[in-house]
Amino acid sequence: MSRIHYTKPSITQLEIDYATDAAINGWGERCYEYIGRFEQLFREHLGVKHAIATSSCTGALHMGLAALDVGPGDEVIVADTNWIASAAPITYLGATPIFVDVLPDTWCIDPEQVEKAITARTKAIIAVHIYGNLCDMDSLMNIGKRHGIPVIEDAAEAIGSVWHGKRAGSIGEFGTFSFHGTKTITTGEGGMFVTNDDNLYEKVLTLSNHGRARGQTRQFWPDMVGFKYKISNIQAAIGCAQMERIGELIARKREVFEHYAERLRKIPGLSLNPQKAGTVNGYWMPTVVFEKESGITREFLQKIFREADIDARVFFWPLSTLPPFSTSTTSNPVAKSLCERAINLPSYHDMTKNEQDMVLAVLANAMQGK
Ligand SMILES: *Cc1c(COP(=O)(O)O)cnc(C)c1O
């Protein structure tokens with residue numbers, strides 16, 4: 001049997017045709033054609049006014065935070081359970097990430113902890129929809145409004161997730177997405193900045209073009225120091241094909257999750273990505289969290305999946321426990337506990353039921369044998 005990978009993209013002839021066309025013809029006056037189309041398709045899908053394609057989600061976050069004037073001395077609140085990409089851009093700007101605990105059921109930022117962490121220096125709150133699970137956006141937007149602090153959505157993992165009729169990433173001051181090869185849609189590497197705010201859009205557009213404003217008629221004339229986080233036309237061509245297939249790609253992720261969930265829901269002592277009333281979960285990453293009482297640990301899970309040649313991944317470590325943030329004095333018991341007894345299951349679009357059943361068999365053995 002060959003190894004079961006945990007993610008890989010779904011690439012069809014459409015992606016190949018568009019990328020080939022971009023590589024052959026997408027130059028000269030056509031050099032932005034697929035980029036423009038990709039942004040338009042993404043805007044339409046999300047239901048937002050503006051979208052700027054970038055080379056990564058990290059870059060999109062960096063520019064968005066810069067446009068909000070986040071800088072030295074400022075604090076930005078973010079959940080402790082996260083990949084470092086959501087926090088790194090805060091430090092690029094000389095600001096300090098403030099790590100708060102997550103909720104035990106959604107594994108997303110705890111609004112109560114957010115409110116407690118607000119100080120005079122708080123410049124923004126980043127809501128990351130982890131593994132496709134949605135943050136409590138109503139509470140967070142409310143807190144942001146009361147304190148006059150913008151709420152940002154890092155929706156890199158939440159394509160396909162919907163909060164009470166609004167797609168993840170379309171609710172906060174701005175949203176960011178990733179099209180890394182592990183995500184629900186891919187361009188190889190790539191990202192997107194989205195917003196409904198005209199001023200913020202103009203600011204990020206200028207920043208994204210090395211500080212050259214849209215109306216500037218002088219050539220090679222930046223009005224400020226900006227960034228270079230552009231996507232290429234060839235990557236955007238793949239993105240266009242993925243966006244034409246977005247319904248199918250989201251549906252497939254949800255089907256993969258459902259097949260796991262059908263079996264696993266019957267087993268006591270574990271929980272899966274939740275889908276609360278009024279929301280849709282895009283289920284980017286099916287994840288199992290075992291109850292403490294089960295005695296099943298991260299190390300044990302890693303061992304049994306390794307032995308079965310299945311690539312299952314560990315739950316995100318609390319960022320405050322990682323070397324770059326060792327000066328962080330916060331202690332977040334939920335974030336710390338979750339990662340000790342959880343595992344991400346393989347979930348690529350083309351995964352067969354048979355492959356999923358092999359994953360389930362390993363879990364079933366784990367529950368019996370330990
Ligand atoms: C993948 C991911 C990122 C990073 O995306 P890049 O495109 O690799 O920069 C940021 N935030 C979250 C939540 C992610 O899952």
# chains A, B, ... in the order shown; residues from 1 in each chain; ligands from 1

$ select_by_dssp --residues "segment 108-311 of chain A" --states "strand (DSSP E)" --output "tab-separated table (two decimals) with N, CA, C and O atoms, in the first residue's frame"
chain	number	residue	atom	x	y	z
A	122	THR	N	-3.95	48.21	22.40
A	122	THR	CA	-4.52	47.22	21.47
A	122	THR	C	-4.91	47.89	20.16
A	122	THR	O	-5.71	48.82	20.14
A	123	LYS	N	-4.33	47.39	19.06
A	123	LYS	CA	-4.55	48.02	17.75
A	123	LYS	C	-5.48	47.19	16.87
A	123	LYS	O	-6.10	47.71	15.94
A	124	ALA	N	-5.55	45.89	17.13
A	124	ALA	CA	-6.41	45.03	16.31
A	124	ALA	C	-6.62	43.69	17.01
A	124	ALA	O	-5.87	43.31	17.91
A	125	ILE	N	-7.68	43.01	16.56
A	125	ILE	CA	-7.98	41.65	17.03
A	125	ILE	C	-8.00	40.76	15.79
A	125	ILE	O	-8.68	41.10	14.80
A	126	ILE	N	-7.25	39.68	15.80
A	126	ILE	CA	-7.26	38.77	14.64
A	126	ILE	C	-8.07	37.52	14.99
A	126	ILE	O	-7.75	36.79	15.91
A	127	ALA	N	-9.14	37.32	14.22
A	127	ALA	CA	-9.97	36.13	14.39
A	127	ALA	C	-9.53	35.11	13.34
A	127	ALA	O	-9.66	35.35	12.15
A	128	VAL	N	-8.97	34.01	13.79
A	128	VAL	CA	-8.54	32.95	12.86
A	128	VAL	C	-9.55	31.81	12.94
A	128	VAL	O	-9.79	31.27	14.02
A	151	VAL	N	-11.57	44.32	13.91
A	151	VAL	CA	-11.46	42.86	13.95
A	151	VAL	C	-11.10	42.39	12.55
A	151	VAL	O	-11.76	42.76	11.57
A	152	ILE	N	-10.05	41.59	12.48
A	152	ILE	CA	-9.55	41.08	11.20
A	152	ILE	C	-9.84	39.59	11.15
A	152	ILE	O	-9.76	38.92	12.17
A	153	GLU	N	-10.13	39.06	9.97
A	153	GLU	CA	-10.32	37.62	9.83
A	153	GLU	C	-9.19	36.99	9.03
A	153	GLU	O	-8.99	37.33	7.87
A	154	ASP	N	-8.48	36.08	9.64
A	154	ASP	CA	-7.56	35.22	8.89
A	154	ASP	C	-8.38	33.98	8.53
A	154	ASP	O	-8.59	33.08	9.35
A	162	VAL	N	-19.29	29.44	6.52
A	162	VAL	CA	-20.26	30.55	6.45
A	162	VAL	C	-20.80	30.83	7.85
A	162	VAL	O	-21.24	29.91	8.55
A	163	TRP	N	-20.75	32.10	8.25
A	163	TRP	CA	-21.27	32.53	9.55
A	163	TRP	C	-22.60	33.25	9.34
A	163	TRP	O	-22.63	34.35	8.85
A	166	LYS	N	-23.01	34.90	6.02
A	166	LYS	CA	-21.84	35.62	5.47
A	166	LYS	C	-20.63	34.70	5.42
A	166	LYS	O	-20.33	34.01	6.40
A	167	ARG	N	-19.96	34.72	4.31
A	167	ARG	CA	-18.79	33.85	4.17
A	167	ARG	C	-17.65	34.32	5.07
A	167	ARG	O	-17.42	35.51	5.25
A	175	GLY	N	-10.19	40.61	5.40
A	175	GLY	CA	-10.00	39.17	5.52
A	175	GLY	C	-8.80	38.74	4.69
A	175	GLY	O	-8.44	39.41	3.71
A	176	THR	N	-8.17	37.65	5.09
A	176	THR	CA	-7.04	37.14	4.31
A	176	THR	C	-7.23	35.64	4.05
A	176	THR	O	-7.86	34.94	4.84
A	177	PHE	N	-6.65	35.17	2.95
A	177	PHE	CA	-6.76	33.77	2.53
A	177	PHE	C	-5.40	33.26	2.07
A	177	PHE	O	-4.55	34.05	1.67
A	178	SER	N	-5.25	31.94	2.11
A	178	SER	CA	-4.03	31.30	1.61
A	178	SER	C	-4.37	30.27	0.55
A	178	SER	O	-5.35	29.55	0.68
A	191	GLY	N	-2.14	34.05	-2.04
A	191	GLY	CA	-3.05	34.52	-1.00
A	191	GLY	C	-3.99	35.58	-1.54
A	191	GLY	O	-3.95	35.92	-2.73
A	192	MET	N	-4.85	36.10	-0.66
A	192	MET	CA	-5.81	37.12	-1.07
A	192	MET	C	-6.10	38.03	0.11
A	192	MET	O	-6.20	37.57	1.25
A	193	PHE	N	-6.18	39.32	-0.19
A	193	PHE	CA	-6.64	40.32	0.78
A	193	PHE	C	-8.01	40.77	0.32
A	193	PHE	O	-8.18	41.10	-0.85
A	194	VAL	N	-9.00	40.77	1.21
A	194	VAL	CA	-10.34	41.23	0.83
A	194	VAL	C	-10.86	42.24	1.86
A	194	VAL	O	-10.54	42.16	3.04
A	195	THR	N	-11.65	43.19	1.38
A	195	THR	CA	-12.27	44.17	2.27
A	195	THR	C	-13.48	44.81	1.59
A	195	THR	O	-13.57	44.80	0.36
A	270	LEU	N	-14.54	11.38	22.23
A	270	LEU	CA	-13.81	12.23	21.29
A	270	LEU	C	-14.73	13.27	20.69
A	270	LEU	O	-15.95	13.12	20.69
A	271	SER	N	-14.16	14.35	20.19
A	271	SER	CA	-14.98	15.34	19.48
A	271	SER	C	-14.28	15.73	18.18
A	271	SER	O	-13.07	15.57	18.02
A	279	THR	N	-24.50	28.04	10.95
A	279	THR	CA	-23.19	28.15	10.30
A	279	THR	C	-22.94	26.94	9.39
A	279	THR	O	-23.57	25.90	9.53
A	280	VAL	N	-22.00	27.14	8.47
A	280	VAL	CA	-21.51	26.03	7.64
A	280	VAL	C	-20.02	25.93	7.88
A	280	VAL	O	-19.33	26.95	7.89
A	287	THR	N	-10.40	17.08	12.25
A	287	THR	CA	-9.53	16.97	13.42
A	287	THR	C	-10.27	16.25	14.54
A	287	THR	O	-11.45	16.52	14.78
A	288	VAL	N	-9.58	15.32	15.19
A	288	VAL	CA	-10.17	14.58	16.31
A	288	VAL	C	-9.48	15.03	17.59
A	288	VAL	O	-8.26	15.03	17.67
A	289	VAL	N	-10.30	15.41	18.57
A	289	VAL	CA	-9.77	15.74	19.90
A	289	VAL	C	-10.31	14.70	20.87
A	289	VAL	O	-11.52	14.53	21.00
A	290	PHE	N	-9.41	13.98	21.54
A	290	PHE	CA	-9.82	12.98	22.51
A	290	PHE	C	-10.00	13.63	23.88
A	290	PHE	O	-9.30	14.58	24.21

$ residues_near_ligand --ligand "ligand 1" --cutoff "9 Å" --atoms "only C-alpha atoms and all ligand atoms" --output "ChimeraX atom specification"
/A:54-61,82-87,128-131,154-158,176-183,189-192

$ closest_residue --among "A:Thr187, A:Gln13, A:Gln275, A:Thr20" --to "Asp105 of chain A" --atoms "only C-alpha atoms"
A:Gln275

$ select_by_dssp --residues "segment 95-333 of chain A" --states "helix (DSSP H, G or I)" --output "ChimeraX atom specification"
/A:111-117,130-132,137-147,198-207,233-244,246-264,292-294,298-307,319-321,323-325,333

$ residues_around --residues "segment 246-261 of chain A" --least-positions-apart "5" --cutoff "9 Å" --atoms "only C-alpha atoms" --output "PDB file with all heavy atoms, in the first residue's frame"
ATOM      1  N   SER A  10      -6.362  19.366  -5.727  1.00  0.00           N
ATOM      2  CA  SER A  10      -7.130  18.713  -6.786  1.00  0.00           C
ATOM      3  C   SER A  10      -6.851  19.474  -8.082  1.00  0.00           C
ATOM      4  O   SER A  10      -7.319  20.599  -8.264  1.00  0.00           O
ATOM      5  CB  SER A  10      -8.618  18.772  -6.433  1.00  0.00           C
ATOM      6  OG  SER A  10      -9.391  18.451  -7.570  1.00  0.00           O
ATOM      7  N   HIS A  45     -17.428  35.209  -5.293  1.00  0.00           N
ATOM      8  CA  HIS A  45     -17.675  34.057  -4.420  1.00  0.00           C
ATOM      9  C   HIS A  45     -17.904  34.514  -2.980  1.00  0.00           C
ATOM     10  O   HIS A  45     -18.805  34.030  -2.299  1.00  0.00           O
ATOM     11  CB  HIS A  45     -16.492  33.088  -4.474  1.00  0.00           C
ATOM     12  CG  HIS A  45     -16.527  32.035  -3.411  1.00  0.00           C
ATOM     13  ND1 HIS A  45     -17.398  30.964  -3.448  1.00  0.00           N
ATOM     14  CD2 HIS A  45     -15.831  31.908  -2.249  1.00  0.00           C
ATOM     15  CE1 HIS A  45     -17.228  30.227  -2.378  1.00  0.00           C
ATOM     16  NE2 HIS A  45     -16.289  30.772  -1.630  1.00  0.00           N
ATOM     17  N   ILE A 159     -12.192  28.673   3.703  1.00  0.00           N
ATOM     18  CA  ILE A 159     -12.947  28.716   2.450  1.00  0.00           C
ATOM     19  C   ILE A 159     -14.071  27.693   2.575  1.00  0.00           C
ATOM     20  O   ILE A 159     -13.836  26.560   2.995  1.00  0.00           O
ATOM     21  CB  ILE A 159     -12.020  28.409   1.255  1.00  0.00           C
ATOM     22  CG1 ILE A 159     -11.182  29.655   0.973  1.00  0.00           C
ATOM     23  CG2 ILE A 159     -12.818  27.990   0.017  1.00  0.00           C
ATOM     24  CD1 ILE A 159     -10.275  29.541  -0.217  1.00  0.00           C
ATOM     25  N   GLY A 160     -15.288  28.122   2.276  1.00  0.00           N
ATOM     26  CA  GLY A 160     -16.429  27.220   2.410  1.00  0.00           C
ATOM     27  C   GLY A 160     -17.154  27.359   3.733  1.00  0.00           C
ATOM     28  O   GLY A 160     -18.239  26.819   3.903  1.00  0.00           O
ATOM     29  N   THR A 184      -7.737  24.470   0.786  1.00  0.00           N
ATOM     30  CA  THR A 184      -8.895  23.959   0.043  1.00  0.00           C
ATOM     31  C   THR A 184      -8.812  24.297  -1.447  1.00  0.00           C
ATOM     32  O   THR A 184      -9.172  23.495  -2.290  1.00  0.00           O
ATOM     33  CB  THR A 184     -10.203  24.490   0.663  1.00  0.00           C
ATOM     34  OG1 THR A 184     -10.302  23.954   1.978  1.00  0.00           O
ATOM     35  CG2 THR A 184     -11.424  24.068  -0.149  1.00  0.00           C
ATOM     36  N   ILE A 185      -8.358  25.530  -1.760  1.00  0.00           N
ATOM     37  CA  ILE A 185      -7.998  25.793  -3.158  1.00  0.00           C
ATOM     38  C   ILE A 185      -6.550  26.244  -3.185  1.00  0.00           C
ATOM     39  O   ILE A 185      -6.043  26.813  -2.212  1.00  0.00           O
ATOM     40  CB  ILE A 185      -8.919  26.827  -3.868  1.00  0.00           C
ATOM     41  CG1 ILE A 185      -8.613  28.243  -3.410  1.00  0.00           C
ATOM     42  CG2 ILE A 185     -10.391  26.497  -3.707  1.00  0.00           C
ATOM     43  CD1 ILE A 185      -9.197  29.288  -4.359  1.00  0.00           C
ATOM     44  N   ALA A 241      -8.998  28.506 -12.422  1.00  0.00           N
ATOM     45  CA  ALA A 241      -9.582  27.174 -12.617  1.00  0.00           C
ATOM     46  C   ALA A 241     -10.145  26.653 -11.298  1.00  0.00           C
ATOM     47  O   ALA A 241     -11.251  26.084 -11.257  1.00  0.00           O
ATOM     48  CB  ALA A 241      -8.529  26.220 -13.176  1.00  0.00           C
ATOM     49  N   LYS A 266     -20.231   8.107  16.597  1.00  0.00           N
ATOM     50  CA  LYS A 266     -20.798   7.023  17.416  1.00  0.00           C
ATOM     51  C   LYS A 266     -19.874   6.650  18.569  1.00  0.00           C
ATOM     52  O   LYS A 266     -20.264   5.923  19.469  1.00  0.00           O
ATOM     53  CB  LYS A 266     -21.018   5.782  16.550  1.00  0.00           C
ATOM     54  CG  LYS A 266     -22.083   5.983  15.498  1.00  0.00           C
ATOM     55  CD  LYS A 266     -22.230   4.720  14.646  1.00  0.00           C
ATOM     56  CE  LYS A 266     -22.976   5.021  13.366  1.00  0.00           C
ATOM     57  NZ  LYS A 266     -22.364   4.370  12.205  1.00  0.00           N
ATOM     58  N   LEU A 272     -15.113  16.248  17.263  1.00  0.00           N
ATOM     59  CA  LEU A 272     -14.658  16.631  15.924  1.00  0.00           C
ATOM     60  C   LEU A 272     -14.942  18.107  15.701  1.00  0.00           C
ATOM     61  O   LEU A 272     -15.592  18.748  16.527  1.00  0.00           O
ATOM     62  CB  LEU A 272     -15.424  15.818  14.877  1.00  0.00           C
ATOM     63  CG  LEU A 272     -15.378  14.309  15.041  1.00  0.00           C
ATOM     64  CD1 LEU A 272     -16.474  13.654  14.206  1.00  0.00           C
ATOM     65  CD2 LEU A 272     -14.014  13.791  14.640  1.00  0.00           C
ATOM     66  N   ASN A 273     -14.502  18.635  14.549  1.00  0.00           N
ATOM     67  CA  ASN A 273     -14.812  20.024  14.195  1.00  0.00           C
ATOM     68  C   ASN A 273     -16.316  20.250  14.340  1.00  0.00           C
ATOM     69  O   ASN A 273     -17.098  19.489  13.752  1.00  0.00           O
ATOM     70  CB  ASN A 273     -14.456  20.312  12.733  1.00  0.00           C
ATOM     71  CG  ASN A 273     -13.073  19.850  12.340  1.00  0.00           C
ATOM     72  OD1 ASN A 273     -12.717  18.703  12.564  1.00  0.00           O
ATOM     73  ND2 ASN A 273     -12.309  20.717  11.760  1.00  0.00           N
ATOM     74  N   ASN A 281     -19.525  24.717   8.089  1.00  0.00           N
ATOM     75  CA  ASN A 281     -18.089  24.520   8.267  1.00  0.00           C
ATOM     76  C   ASN A 281     -17.506  24.000   6.950  1.00  0.00           C
ATOM     77  O   ASN A 281     -17.995  23.025   6.393  1.00  0.00           O
ATOM     78  CB  ASN A 281     -17.843  23.522   9.410  1.00  0.00           C
ATOM     79  CG  ASN A 281     -16.396  23.511   9.874  1.00  0.00           C
ATOM     80  OD1 ASN A 281     -15.470  23.676   9.080  1.00  0.00           O
ATOM     81  ND2 ASN A 281     -16.203  23.331  11.174  1.00  0.00           N
ATOM     82  N   GLY A 282     -16.489  24.664   6.446  1.00  0.00           N
ATOM     83  CA  GLY A 282     -15.820  24.225   5.213  1.00  0.00           C
ATOM     84  C   GLY A 282     -14.936  23.016   5.441  1.00  0.00           C
ATOM     85  O   GLY A 282     -14.458  22.422   4.482  1.00  0.00           O
ATOM     86  N   TYR A 283     -14.719  22.674   6.724  1.00  0.00           N
ATOM     87  CA  TYR A 283     -13.969  21.467   7.114  1.00  0.00           C
ATOM     88  C   TYR A 283     -12.653  21.336   6.354  1.00  0.00           C
ATOM     89  O   TYR A 283     -12.369  20.280   5.778  1.00  0.00           O
ATOM     90  CB  TYR A 283     -14.826  20.210   6.885  1.00  0.00           C
ATOM     91  CG  TYR A 283     -16.050  20.113   7.767  1.00  0.00           C
ATOM     92  CD1 TYR A 283     -17.310  19.854   7.211  1.00  0.00           C
ATOM     93  CD2 TYR A 283     -15.960  20.253   9.154  1.00  0.00           C
ATOM     94  CE1 TYR A 283     -18.446  19.742   8.020  1.00  0.00           C
ATOM     95  CE2 TYR A 283     -17.087  20.145   9.959  1.00  0.00           C
ATOM     96  CZ  TYR A 283     -18.316  19.899   9.387  1.00  0.00           C
ATOM     97  OH  TYR A 283     -19.427  19.776  10.178  1.00  0.00           O
ATOM     98  N   TRP A 284     -11.842  22.392   6.392  1.00  0.00           N
ATOM     99  CA  TRP A 284     -10.543  22.285   5.717  1.00  0.00           C
ATOM    100  C   TRP A 284      -9.749  21.108   6.275  1.00  0.00           C
ATOM    101  O   TRP A 284      -9.159  20.350   5.520  1.00  0.00           O
ATOM    102  CB  TRP A 284      -9.726  23.587   5.894  1.00  0.00           C
ATOM    103  CG  TRP A 284      -8.306  23.421   5.449  1.00  0.00           C
ATOM    104  CD1 TRP A 284      -7.906  23.101   4.179  1.00  0.00           C
ATOM    105  CD2 TRP A 284      -7.131  23.521   6.234  1.00  0.00           C
ATOM    106  NE1 TRP A 284      -6.530  22.996   4.145  1.00  0.00           N
ATOM    107  CE2 TRP A 284      -6.031  23.258   5.389  1.00  0.00           C
ATOM    108  CE3 TRP A 284      -6.886  23.831   7.588  1.00  0.00           C
ATOM    109  CZ2 TRP A 284      -4.718  23.278   5.849  1.00  0.00           C
ATOM    110  CZ3 TRP A 284      -5.575  23.858   8.034  1.00  0.00           C
ATOM    111  CH2 TRP A 284      -4.507  23.579   7.175  1.00  0.00           C
ATOM    112  N   MET A 285      -9.785  20.959   7.602  1.00  0.00           N
ATOM    113  CA  MET A 285      -8.947  19.937   8.210  1.00  0.00           C
ATOM    114  C   MET A 285      -9.725  19.145   9.269  1.00  0.00           C
ATOM    115  O   MET A 285      -9.904  19.615  10.384  1.00  0.00           O
ATOM    116  CB  MET A 285      -7.745  20.636   8.874  1.00  0.00           C
ATOM    117  CG  MET A 285      -6.699  19.717   9.437  1.00  0.00           C
ATOM    118  SD  MET A 285      -5.840  18.747   8.185  1.00  0.00           S
ATOM    119  CE  MET A 285      -4.952  20.015   7.282  1.00  0.00           C
ATOM    120  N   PRO A 286     -10.209  17.940   8.903  1.00  0.00           N
ATOM    121  CA  PRO A 286     -10.905  17.117   9.902  1.00  0.00           C
ATOM    122  C   PRO A 286      -9.950  16.804  11.053  1.00  0.00           C
ATOM    123  O   PRO A 286      -8.833  16.341  10.815  1.00  0.00           O
ATOM    124  CB  PRO A 286     -11.265  15.842   9.124  1.00  0.00           C
ATOM    125  CG  PRO A 286     -11.164  16.212   7.683  1.00  0.00           C
ATOM    126  CD  PRO A 286     -10.119  17.274   7.590  1.00  0.00           C
ATOM    127  N   SER A 347      -7.210  14.496   4.391  1.00  0.00           N
ATOM    128  CA  SER A 347      -8.513  14.935   3.868  1.00  0.00           C
ATOM    129  C   SER A 347      -8.450  15.514   2.462  1.00  0.00           C
ATOM    130  O   SER A 347      -9.224  16.392   2.134  1.00  0.00           O
ATOM    131  CB  SER A 347      -9.112  15.987   4.800  1.00  0.00           C
ATOM    132  OG  SER A 347      -8.309  17.153   4.784  1.00  0.00           O
ATOM    133  N   TYR A 348      -7.538  15.044   1.634  1.00  0.00           N
ATOM    134  CA  TYR A 348      -7.479  15.649   0.288  1.00  0.00           C
ATOM    135  C   TYR A 348      -8.695  15.241  -0.550  1.00  0.00           C
ATOM    136  O   TYR A 348      -9.322  14.216  -0.303  1.00  0.00           O
ATOM    137  CB  TYR A 348      -6.162  15.302  -0.410  1.00  0.00           C
ATOM    138  CG  TYR A 348      -5.818  13.846  -0.428  1.00  0.00           C
ATOM    139  CD1 TYR A 348      -6.195  13.044  -1.499  1.00  0.00           C
ATOM    140  CD2 TYR A 348      -5.130  13.270   0.623  1.00  0.00           C
ATOM    141  CE1 TYR A 348      -5.888  11.705  -1.519  1.00  0.00           C
ATOM    142  CE2 TYR A 348      -4.819  11.924   0.622  1.00  0.00           C
ATOM    143  CZ  TYR A 348      -5.204  11.150  -0.448  1.00  0.00           C
ATOM    144  OH  TYR A 348      -4.912   9.818  -0.465  1.00  0.00           O
ATOM    145  N   HIS A 349      -8.975  16.109  -1.537  1.00  0.00           N
ATOM    146  CA  HIS A 349     -10.216  15.955  -2.308  1.00  0.00           C
ATOM    147  C   HIS A 349     -10.369  14.583  -2.964  1.00  0.00           C
ATOM    148  O   HIS A 349     -11.455  14.036  -3.032  1.00  0.00           O
ATOM    149  CB  HIS A 349     -10.304  17.012  -3.418  1.00  0.00           C
ATOM    150  CG  HIS A 349     -10.149  18.412  -2.936  1.00  0.00           C
ATOM    151  ND1 HIS A 349      -8.916  19.011  -2.747  1.00  0.00           N
ATOM    152  CD2 HIS A 349     -11.056  19.338  -2.590  1.00  0.00           C
ATOM    153  CE1 HIS A 349      -9.084  20.244  -2.324  1.00  0.00           C
ATOM    154  NE2 HIS A 349     -10.373  20.477  -2.211  1.00  0.00           N
ATOM    155  N   ASP A 350      -9.254  14.058  -3.491  1.00  0.00           N
ATOM    156  CA  ASP A 350      -9.332  12.816  -4.267  1.00  0.00           C
ATOM    157  C   ASP A 350      -9.225  11.562  -3.407  1.00  0.00           C
ATOM    158  O   ASP A 350      -9.113  10.453  -3.923  1.00  0.00           O
ATOM    159  CB  ASP A 350      -8.223  12.797  -5.337  1.00  0.00           C
ATOM    160  CG  ASP A 350      -8.375  13.940  -6.326  1.00  0.00           C
ATOM    161  OD1 ASP A 350      -9.520  14.401  -6.507  1.00  0.00           O
ATOM    162  OD2 ASP A 350      -7.366  14.386  -6.893  1.00  0.00           O
ATOM    163  N   MET A 351      -9.259  11.742  -2.100  1.00  0.00           N
ATOM    164  CA  MET A 351      -9.152  10.615  -1.199  1.00  0.00           C
ATOM    165  C   MET A 351     -10.322   9.647  -1.421  1.00  0.00           C
ATOM    166  O   MET A 351     -11.467  10.072  -1.569  1.00  0.00           O
ATOM    167  CB  MET A 351      -9.223  11.160   0.229  1.00  0.00           C
ATOM    168  CG  MET A 351      -8.614  10.257   1.231  1.00  0.00           C
ATOM    169  SD  MET A 351      -8.502  11.066   2.828  1.00  0.00           S
ATOM    170  CE  MET A 351      -7.806   9.684   3.711  1.00  0.00           C
ATOM    171  N   THR A 352     -10.024   8.353  -1.422  1.00  0.00           N
ATOM    172  CA  THR A 352     -11.098   7.377  -1.629  1.00  0.00           C
ATOM    173  C   THR A 352     -11.705   6.977  -0.275  1.00  0.00           C
ATOM    174  O   THR A 352     -11.069   7.149   0.770  1.00  0.00           O
ATOM    175  CB  THR A 352     -10.563   6.100  -2.312  1.00  0.00           C
ATOM    176  OG1 THR A 352      -9.598   5.511  -1.436  1.00  0.00           O
ATOM    177  CG2 THR A 352      -9.921   6.415  -3.655  1.00  0.00           C
ATOM    178  N   LYS A 353     -12.907   6.417  -0.333  1.00  0.00           N
ATOM    179  CA  LYS A 353     -13.553   5.929   0.890  1.00  0.00           C
ATOM    180  C   LYS A 353     -12.696   4.847   1.530  1.00  0.00           C
ATOM    181  O   LYS A 353     -12.577   4.764   2.750  1.00  0.00           O
ATOM    182  CB  LYS A 353     -14.939   5.364   0.567  1.00  0.00           C
ATOM    183  CG  LYS A 353     -15.993   6.455   0.503  1.00  0.00           C
ATOM    184  CD  LYS A 353     -17.353   5.955   1.011  1.00  0.00           C
ATOM    185  CE  LYS A 353     -18.259   7.117   1.363  1.00  0.00           C
ATOM    186  NZ  LYS A 353     -19.379   7.281   0.440  1.00  0.00           N
ATOM    187  N   GLN A 356      -9.999   6.410   3.458  1.00  0.00           N
ATOM    188  CA  GLN A 356     -10.558   6.969   4.692  1.00  0.00           C
ATOM    189  C   GLN A 356     -10.839   5.857   5.714  1.00  0.00           C
ATOM    190  O   GLN A 356     -10.629   6.052   6.912  1.00  0.00           O
ATOM    191  CB  GLN A 356     -11.853   7.733   4.393  1.00  0.00           C
ATOM    192  CG  GLN A 356     -11.631   9.071   3.729  1.00  0.00           C
ATOM    193  CD  GLN A 356     -12.857   9.955   3.895  1.00  0.00           C
ATOM    194  OE1 GLN A 356     -13.706  10.009   3.008  1.00  0.00           O
ATOM    195  NE2 GLN A 356     -12.973  10.622   5.025  1.00  0.00           N
ATOM    196  N   ASP A 357     -11.299   4.721   5.205  1.00  0.00           N
ATOM    197  CA  ASP A 357     -11.588   3.608   6.114  1.00  0.00           C
ATOM    198  C   ASP A 357     -10.313   3.075   6.771  1.00  0.00           C
ATOM    199  O   ASP A 357     -10.341   2.615   7.908  1.00  0.00           O
ATOM    200  CB  ASP A 357     -12.326   2.490   5.362  1.00  0.00           C
ATOM    201  CG  ASP A 357     -13.751   2.902   5.002  1.00  0.00           C
ATOM    202  OD1 ASP A 357     -14.248   3.877   5.631  1.00  0.00           O
ATOM    203  OD2 ASP A 357     -14.360   2.296   4.112  1.00  0.00           O
ATOM    204  N   VAL A 359      -7.818   4.963   7.615  1.00  0.00           N
ATOM    205  CA  VAL A 359      -7.566   5.938   8.687  1.00  0.00           C
ATOM    206  C   VAL A 359      -8.469   5.618   9.880  1.00  0.00           C
ATOM    207  O   VAL A 359      -8.025   5.603  11.040  1.00  0.00           O
ATOM    208  CB  VAL A 359      -7.820   7.382   8.187  1.00  0.00           C
ATOM    209  CG1 VAL A 359      -7.707   8.385   9.327  1.00  0.00           C
ATOM    210  CG2 VAL A 359      -6.849   7.732   7.058  1.00  0.00           C
ATOM    211  N   LEU A 360      -9.729   5.345   9.583  1.00  0.00           N
ATOM    212  CA  LEU A 360     -10.699   5.049  10.645  1.00  0.00           C
ATOM    213  C   LEU A 360     -10.319   3.773  11.400  1.00  0.00           C
ATOM    214  O   LEU A 360     -10.490   3.703  12.629  1.00  0.00           O
ATOM    215  CB  LEU A 360     -12.105   4.913  10.048  1.00  0.00           C
ATOM    216  CG  LEU A 360     -12.762   6.237   9.648  1.00  0.00           C
ATOM    217  CD1 LEU A 360     -13.920   6.006   8.681  1.00  0.00           C
ATOM    218  CD2 LEU A 360     -13.233   7.007  10.882  1.00  0.00           C
TER     219      LEU A 360
END

$ closest_residue --among "A:Ile234, A:Ser331, A:Phe325, A:Val225" --to "Ala22 of chain A" --atoms "only C-alpha atoms"
A:Ile234

$ closest_residue --among "A:Ala117, A:Met358, A:Val48, A:Met367" --to "Ile267 of chain A" --atoms "only C-alpha atoms"
A:Met367

$ closest_residue --among "A:Val114, A:Arg43, A:Thr329, A:Tyr6" --to "Ile343 of chain A" --atoms "only C-alpha atoms"
A:Tyr6

$ closest_residue --among "A:Gln216, A:Pro89, A:Lys49, A:Thr96" --to "Tyr201 of chain A" --atoms "only C-alpha atoms"
A:Lys49

$ atom_distance --atom1 "atom CA of Ala236 of chain A" --atom2 "atom CA of Ser170 of chain A"
20.7 Å
